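Coordinates from data_16.txt are shown below (compact mmCIF, C-alpha atoms).
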# COMPACT_ATOMS: atom_id res chain seq x y z
CA MET A 17 17.57 -8.04 -1.56
CA LEU A 18 17.28 -5.57 -4.39
CA ILE A 19 13.52 -6.08 -4.81
CA GLY A 20 13.04 -5.27 -1.13
CA LEU A 21 14.96 -2.04 -1.61
CA VAL A 22 12.94 -1.09 -4.70
CA GLY A 23 9.70 -2.03 -2.91
CA GLY A 24 10.69 0.32 -0.10
CA VAL A 25 11.34 3.20 -2.49
CA VAL A 26 7.89 2.69 -4.07
CA ALA A 27 6.35 2.49 -0.59
CA GLY A 28 7.93 5.78 0.46
CA LEU A 29 7.22 7.52 -2.81
CA LEU A 30 3.57 6.48 -3.14
CA GLY A 31 2.45 5.71 0.41
CA VAL A 32 1.69 2.05 -0.27
CA GLY A 33 2.94 -0.97 1.64
CA GLY A 34 5.19 -2.36 -1.04
CA GLY A 35 3.68 -5.81 -0.74
CA ALA A 36 3.11 -6.03 -4.49
CA LEU A 37 6.90 -6.28 -4.86
CA PHE A 38 7.65 -8.15 -1.63
CA VAL A 39 5.39 -11.09 -2.53
CA PRO A 40 7.19 -12.04 -5.79
CA ALA A 41 10.54 -11.55 -4.02
CA LEU A 42 9.43 -14.08 -1.41
CA THR A 43 7.91 -16.60 -3.85
CA LEU A 44 10.40 -16.39 -6.72
CA GLY A 45 13.48 -15.35 -4.73
CA LEU A 46 13.07 -17.27 -1.48
CA GLY A 47 10.77 -20.11 -2.55
CA LEU A 48 7.84 -19.42 -0.22
CA SER A 49 4.29 -20.50 -1.17
CA GLN A 50 1.86 -17.76 -2.25
CA LEU A 51 0.00 -17.84 1.08
CA HIS A 52 3.17 -17.78 3.17
CA ALA A 53 4.67 -15.06 0.97
CA GLU A 54 1.58 -12.85 1.35
CA SER A 55 1.60 -13.39 5.12
CA THR A 56 5.35 -12.78 5.41
CA SER A 57 5.17 -9.63 3.26
CA LEU A 58 2.85 -8.16 5.91
CA LEU A 59 5.66 -8.55 8.46
CA ALA A 60 8.07 -6.74 6.11
CA ILE A 61 5.51 -3.96 5.60
CA ILE A 62 5.34 -3.10 9.35
CA PRO A 63 8.82 -1.49 9.66
CA VAL A 64 8.50 0.05 6.18
CA ALA A 65 5.18 1.74 7.03
CA LEU A 66 6.40 2.82 10.49
CA VAL A 67 9.64 4.35 9.22
CA GLY A 68 7.88 5.91 6.22
CA ALA A 69 5.18 7.45 8.42
CA TRP A 70 7.84 8.68 10.88
CA ARG A 71 9.81 10.40 8.08
CA GLN A 72 6.66 11.89 6.53
CA ARG A 73 5.64 13.16 9.98
CA ALA A 74 8.95 15.01 10.19
CA HIS A 75 7.97 16.71 6.91
CA GLY A 76 4.53 17.56 8.37
CA ASN A 77 2.74 15.20 6.00
CA VAL A 78 0.92 12.88 8.40
CA ASP A 79 -2.63 13.44 9.61
CA LEU A 80 -2.20 11.05 12.53
CA ARG A 81 -5.86 11.00 13.62
CA THR A 82 -7.11 10.18 10.15
CA GLY A 83 -4.37 7.58 9.72
CA ILE A 84 -5.16 5.75 12.94
CA THR A 85 -8.93 5.95 12.32
CA LEU A 86 -8.52 4.56 8.80
CA GLY A 87 -6.18 1.84 10.02
CA LEU A 88 -8.65 0.64 12.65
CA LEU A 89 -11.62 0.84 10.26
CA ALA A 90 -9.63 -1.08 7.66
CA VAL A 91 -8.92 -3.88 10.13
CA ALA A 92 -12.67 -4.21 10.78
CA GLY A 93 -13.41 -3.97 7.06
CA ALA A 94 -10.86 -6.63 6.17
CA ALA A 95 -12.80 -9.27 8.09
CA ALA A 96 -16.01 -8.35 6.24
CA GLY A 97 -14.16 -8.25 2.93
CA ALA A 98 -12.66 -11.68 3.44
CA ALA A 99 -16.11 -13.11 4.13
CA ILE A 100 -17.54 -11.55 0.93
CA ALA A 101 -14.51 -12.67 -1.10
CA ASN A 102 -15.23 -16.28 -0.11
CA ALA A 103 -18.87 -15.96 -1.17
CA VAL A 104 -18.53 -14.54 -4.72
CA PRO A 105 -16.56 -15.74 -7.80
CA GLU A 106 -12.92 -14.65 -7.70
CA ARG A 107 -12.69 -13.76 -11.41
CA GLY A 108 -15.66 -11.42 -11.13
CA LEU A 109 -14.04 -9.69 -8.16
CA GLU A 110 -10.77 -9.24 -10.01
CA ILE A 111 -12.48 -7.67 -13.03
CA ALA A 112 -14.63 -5.42 -10.84
CA PHE A 113 -11.63 -4.24 -8.83
CA ALA A 114 -9.52 -3.70 -11.96
CA LEU A 115 -12.25 -1.53 -13.53
CA PHE A 116 -12.70 0.34 -10.25
CA ILE A 117 -9.02 1.27 -9.92
CA LEU A 118 -8.89 2.27 -13.61
CA VAL A 119 -11.65 4.80 -12.88
CA VAL A 120 -9.70 5.98 -9.81
CA ALA A 121 -6.54 6.33 -11.93
CA TRP A 122 -8.47 8.44 -14.45
CA GLN A 123 -9.77 10.68 -11.63
CA LEU A 124 -6.23 11.16 -10.30
CA VAL A 125 -4.93 12.09 -13.76
CA ARG A 126 -7.77 14.57 -14.30
CA ARG A 127 -7.14 16.11 -10.91
CA ALA A 128 -3.39 16.29 -11.54
CA PHE A 129 -3.97 18.44 -14.62
CA ARG A 130 -6.52 20.67 -12.93
CA GLU A 131 -4.27 21.96 -10.21
CA GLU A 132 -0.56 22.04 -9.64
CA VAL A 133 1.30 22.49 -6.38
CA PRO A 134 5.00 22.93 -7.06
CA ALA A 135 7.63 20.83 -5.30
CA THR A 136 9.03 22.33 -2.11
CA MET B 19 -13.74 0.79 2.85
CA ALA B 20 -10.04 0.21 2.29
CA GLY B 21 -10.10 -2.76 4.63
CA LEU B 22 -13.13 -4.11 2.84
CA PHE B 23 -11.25 -3.92 -0.45
CA SER B 24 -8.08 -5.24 1.09
CA GLY B 25 -9.88 -8.29 2.44
CA LEU B 26 -11.87 -8.68 -0.76
CA PHE B 27 -9.02 -8.56 -3.20
CA GLY B 28 -6.02 -9.47 -1.13
CA VAL B 29 -4.22 -6.27 -2.09
CA GLY B 30 -2.46 -3.91 0.27
CA GLY B 31 -4.61 -1.13 1.63
CA GLY B 32 -2.43 1.68 0.28
CA ILE B 33 -3.63 1.43 -3.29
CA ILE B 34 -7.12 2.36 -2.06
CA ILE B 35 -6.24 4.52 0.96
CA VAL B 36 -4.16 7.07 -0.96
CA PRO B 37 -6.80 7.85 -3.64
CA LEU B 38 -9.48 7.80 -0.95
CA LEU B 39 -7.61 10.46 1.03
CA VAL B 40 -6.91 12.56 -2.07
CA LEU B 41 -10.20 12.30 -3.96
CA TRP B 42 -12.63 11.94 -1.07
CA LEU B 43 -11.11 13.62 1.99
CA GLY B 44 -9.27 16.25 -0.05
CA LEU B 45 -5.79 15.73 1.41
CA GLY B 46 -2.74 16.79 -0.59
CA GLU B 47 -0.69 14.05 -2.27
CA ARG B 48 2.16 14.18 0.25
CA GLU B 49 -0.24 14.23 3.22
CA ALA B 50 -2.23 11.36 1.71
CA THR B 51 0.81 9.12 1.23
CA GLY B 52 2.19 9.91 4.71
CA THR B 53 -1.17 9.31 6.38
CA SER B 54 -1.65 6.13 4.36
CA LEU B 55 1.62 4.74 5.75
CA ALA B 56 0.41 5.37 9.31
CA ALA B 57 -2.82 3.46 8.56
CA ILE B 58 -0.91 0.64 6.84
CA ALA B 59 1.37 0.20 9.88
CA ILE B 60 -1.73 -0.64 11.95
CA ILE B 61 -3.28 -2.87 9.28
CA ALA B 62 -0.03 -4.78 8.68
CA ALA B 63 0.60 -5.27 12.42
CA VAL B 64 -2.86 -6.79 12.98
CA ALA B 65 -2.72 -8.88 9.80
CA THR B 66 0.76 -10.20 10.69
CA ALA B 67 -0.48 -11.23 14.13
CA VAL B 68 -3.45 -13.09 12.58
CA HIS B 69 -1.39 -14.84 9.90
CA GLY B 70 1.38 -15.47 12.42
CA ALA B 71 -1.11 -17.37 14.59
CA TYR B 72 -1.69 -19.70 11.61
CA GLY B 73 2.07 -20.18 11.24
CA ASN B 74 2.17 -18.50 7.83
CA VAL B 75 4.76 -15.82 8.67
CA HIS B 76 8.46 -16.55 8.07
CA VAL B 77 10.40 -14.10 10.25
CA GLY B 78 13.83 -14.61 8.66
CA GLU B 79 12.56 -14.17 5.10
CA GLY B 80 10.44 -11.21 6.21
CA LEU B 81 13.51 -9.45 7.58
CA LEU B 82 15.52 -10.31 4.48
CA VAL B 83 13.01 -8.32 2.42
CA GLY B 84 11.94 -5.82 5.09
CA VAL B 85 15.35 -4.52 6.19
CA PRO B 86 16.50 -3.36 2.72
CA ALA B 87 12.95 -2.06 2.20
CA VAL B 88 13.37 0.24 5.22
CA ALA B 89 16.42 1.75 3.50
CA GLY B 90 14.26 2.07 0.40
CA VAL B 91 11.42 3.83 2.19
CA LEU B 92 13.87 6.38 3.63
CA ALA B 93 15.03 7.13 0.08
CA GLY B 94 11.47 7.09 -1.27
CA THR B 95 10.04 9.54 1.27
CA GLN B 96 13.04 11.84 0.79
CA LEU B 97 12.71 11.69 -3.01
CA GLN B 98 8.99 12.45 -2.74
CA GLN B 99 9.69 15.80 -1.06
CA HIS B 100 11.51 16.95 -4.19
CA ILE B 101 8.99 16.08 -6.89
CA SER B 102 5.75 17.89 -7.75
CA THR B 103 2.40 16.69 -6.44
CA ARG B 104 1.31 16.29 -10.06
CA ALA B 105 4.17 13.83 -10.62
CA ILE B 106 3.16 11.89 -7.48
CA SER B 107 -0.44 11.66 -8.76
CA LEU B 108 0.64 10.55 -12.23
CA ILE B 109 3.05 7.91 -10.92
CA PHE B 110 0.31 6.68 -8.60
CA ALA B 111 -2.15 6.50 -11.52
CA ALA B 112 0.45 4.44 -13.42
CA LEU B 113 0.68 2.06 -10.44
CA LEU B 114 -3.13 1.68 -10.50
CA VAL B 115 -3.16 0.96 -14.25
CA ALA B 116 -0.34 -1.60 -13.85
CA THR B 117 -2.24 -3.29 -11.01
CA ALA B 118 -5.45 -3.34 -13.08
CA ILE B 119 -3.64 -4.95 -16.02
CA ASP B 120 -2.07 -7.49 -13.67
CA LEU B 121 -5.53 -8.33 -12.27
CA LEU B 122 -7.13 -8.65 -15.70
CA LEU B 123 -4.42 -10.91 -17.16
Let's see the structure in the file written out as structure tokens.
Amino acid sequence: MLIGLVGGVVAGLLGVGGGALFVPALTLGLGLSQLHAESTSLLAIIPVALVGAWRQRAHGNVDLRTGITLGLLAVAGAAAGAAIANAVPERGLEIAFALFILVVAWQLVRRAFREEVPAT
Amino acid sequence: MAGLFSGLFGVGGGIIIVPLLVLWLGLGEREATGTSLAAIAIIAAVATAVHGAYGNVHVGEGLLVGVPAVAGVLAGTQLQQHISTRAISLIFAALLVATAIDLLL
């Protein structure tokens, strides 16, 4: 599956799971429902994240303690987040999150032009 | 925090974890993306187990997407070692903007 391959490249390049690309591949390409596609994409993410982390570790780019701590905290946080998500209007959440990540994007761009570390 | 957002918005944790590591904990871009993948491996494993218990996980389809994606992540991590950290940040910012537009539409 080409989308899987592309999703993997994005995952490795940017340190994300790749689920944003896996989900449409599973719904549009393989005919899964949205819920089943989101759940199944998590399974696909496991080997991607493991192999990506393993390769990055070989390059000295993994802070394993921070990674494991964040992973465990995120699991705890996800339960709380799911409870909140069920209690507030979905559209409001989407707009709030969109605005939040736009601010984060702006911060990353500003930072990128403040300092430059050349490629190795 | 990332988990809170992940649960709240149903997005993968990486989109929050990477900026969190860069902007808040002061990691470099390469370290942030590598560390993020380690955290995501844990998050995805737990989430798969939970959704699997509800019978929502299709193993065959997951492998069909996941196996080529593993080849992709090998290429992606290798490629990342050869581009500047500024480029990584800018591409990541573009991903955030694309996600925001997708959410707003």
Discussion item. I'd like to know which of B:Ser102, B:Ile109, B:Ala67, B:Leu122 is closest to Gly46 in chain B, using all atoms listed in the file.
Written reply: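 Checking each candidate against Gly46 in chain B, we get B:Ser102 as the closest.
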Could you list, as a PDB file with C-alpha atoms, keeping the file's coordinate frame, every residue within 12 Å of Val25 in chain A, counting all atoms listed in the file and ignoring same-chain residues fewer than 4 positions away?
ATOM      1  CA  LEU A  18      17.280  -5.570  -4.390  1.00  0.00           C
ATOM      2  CA  ILE A  19      13.520  -6.080  -4.810  1.00  0.00           C
ATOM      3  CA  GLY A  20      13.040  -5.270  -1.130  1.00  0.00           C
ATOM      4  CA  LEU A  21      14.960  -2.040  -1.610  1.00  0.00           C
ATOM      5  CA  LEU A  29       7.220   7.520  -2.810  1.00  0.00           C
ATOM      6  CA  LEU A  30       3.570   6.480  -3.140  1.00  0.00           C
ATOM      7  CA  GLY A  31       2.450   5.710   0.410  1.00  0.00           C
ATOM      8  CA  VAL A  32       1.690   2.050  -0.270  1.00  0.00           C
ATOM      9  CA  GLY A  33       2.940  -0.970   1.640  1.00  0.00           C
ATOM     10  CA  GLY A  34       5.190  -2.360  -1.040  1.00  0.00           C
ATOM     11  CA  GLY A  35       3.680  -5.810  -0.740  1.00  0.00           C
ATOM     12  CA  LEU A  37       6.900  -6.280  -4.860  1.00  0.00           C
ATOM     13  CA  PHE A  38       7.650  -8.150  -1.630  1.00  0.00           C
ATOM     14  CA  VAL A  64       8.500   0.050   6.180  1.00  0.00           C
ATOM     15  CA  ALA A  65       5.180   1.740   7.030  1.00  0.00           C
ATOM     16  CA  VAL A  67       9.640   4.350   9.220  1.00  0.00           C
ATOM     17  CA  GLY A  68       7.880   5.910   6.220  1.00  0.00           C
TER      18      GLY A  68
ATOM     19  CA  GLY B  84      11.940  -5.820   5.090  1.00  0.00           C
ATOM     20  CA  PRO B  86      16.500  -3.360   2.720  1.00  0.00           C
ATOM     21  CA  ALA B  87      12.950  -2.060   2.200  1.00  0.00           C
ATOM     22  CA  VAL B  88      13.370   0.240   5.220  1.00  0.00           C
ATOM     23  CA  ALA B  89      16.420   1.750   3.500  1.00  0.00           C
ATOM     24  CA  GLY B  90      14.260   2.070   0.400  1.00  0.00           C
ATOM     25  CA  VAL B  91      11.420   3.830   2.190  1.00  0.00           C
ATOM     26  CA  LEU B  92      13.870   6.380   3.630  1.00  0.00           C
ATOM     27  CA  ALA B  93      15.030   7.130   0.080  1.00  0.00           C
ATOM     28  CA  GLY B  94      11.470   7.090  -1.270  1.00  0.00           C
ATOM     29  CA  THR B  95      10.040   9.540   1.270  1.00  0.00           C
ATOM     30  CA  GLN B  96      13.040  11.840   0.790  1.00  0.00           C
ATOM     31  CA  LEU B  97      12.710  11.690  -3.010  1.00  0.00           C
ATOM     32  CA  GLN B  98       8.990  12.450  -2.740  1.00  0.00           C
TER      33      GLN B  98
END
Discussion item. Counting all atoms listed in the file, which residues have an atom no more than 7 Å from (4.0, 5.7, 7.6) in the file's coordinates? Please list them as a list in words.
Written reply: Ala65, Leu66, Val67, Gly68, Ala69, Trp70 and Gln72 of chain A; Gly52, Thr53, Ser54, Leu55, Ala56 and Ala59 of chain B
Worksheet item: Any idea what's packed within 6 Å of range 77-90 of chain A, counting all atoms listed in the file, ignoring anything in its chain fewer than 6 positions away? Could you give it as a list in words?
Response: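 Result of the neighbour search: Ala20, Gly21, Arg48, Glu49, Gly52, Thr53, Ala56, Ala57, Ile60 and Ile61 of chain B.
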Worksheet item: Between B:Val83, B:Ile34, B:Leu43, B:Ala105, which one has atoms that come closest to chain A, using all atoms listed in the file?
Response: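 Distance minimum relative to chain A lands on B:Val83.
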At a cut-off of 7 Å, using all atoms listed in the file, what residues contact range 115-120 of chain B? Leave out same-chain residues fewer than 4 positions from it and give the result as a JSON list (two decimals) with C-alpha atoms, in the frame of the given file.
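Output (selection.json):
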[["chain", "number", "residue", "atom", "x", "y", "z"],
["A", 114, "ALA", "CA", -9.52, -3.70, -11.96],
["A", 117, "ILE", "CA", -9.02, 1.27, -9.92],
["A", 118, "LEU", "CA", -8.89, 2.27, -13.61],
["A", 121, "ALA", "CA", -6.54, 6.33, -11.93],
["B", 111, "ALA", "CA", -2.15, 6.50, -11.52]]
Worksheet item: Which is closer to chain B than all the others in A:Thr43, A:Asn102, A:Gln50, A:Thr56, using only C-alpha atoms?
Response: A:Thr56
Worksheet item: For the atom pair CA of Ala63 in chain B and CA of Ile61 in chain A, what is the interatomic distance in Å to one decimal place?
Response: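 Those two atoms sit 8.5 Å apart.
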Discussion item. Report as number ranges by chain all protein, DNA and RNA residues lying within 6 Å of range 71-82 of chain B, evaluated on all atoms listed in the file, omitting residues in the same chain fewer than 2 positions from it.
Written reply: A: 52, 55-56, 59-60; B: 68-69, 84-85
Practice prompt. Point out the residue among A:Val119, A:Ala112, A:Ala128, A:Ala103 with the least atom-to-atom distance to Leu114 in chain B, counting only C-alpha atoms.
Written response: A:Val119
Response to the item:
Residue with the minimum atom-to-atom distance to Ile106 in chain B, picked from B:Val36, B:Ile58, B:Leu123, B:Val64 with all atoms listed in the file counted, is B:Val36
Worksheet item: CA of Leu58 in chain A to CA of Ala62 in chain B: how many Å, to one decimal?
Response: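 So the answer is 5.2 Å.
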Practice prompt. Calculate how many Å separate CA of His75 in chain A from CA of Val22 in chain A, rounding to one decimal.
Written response: 21.8 Å
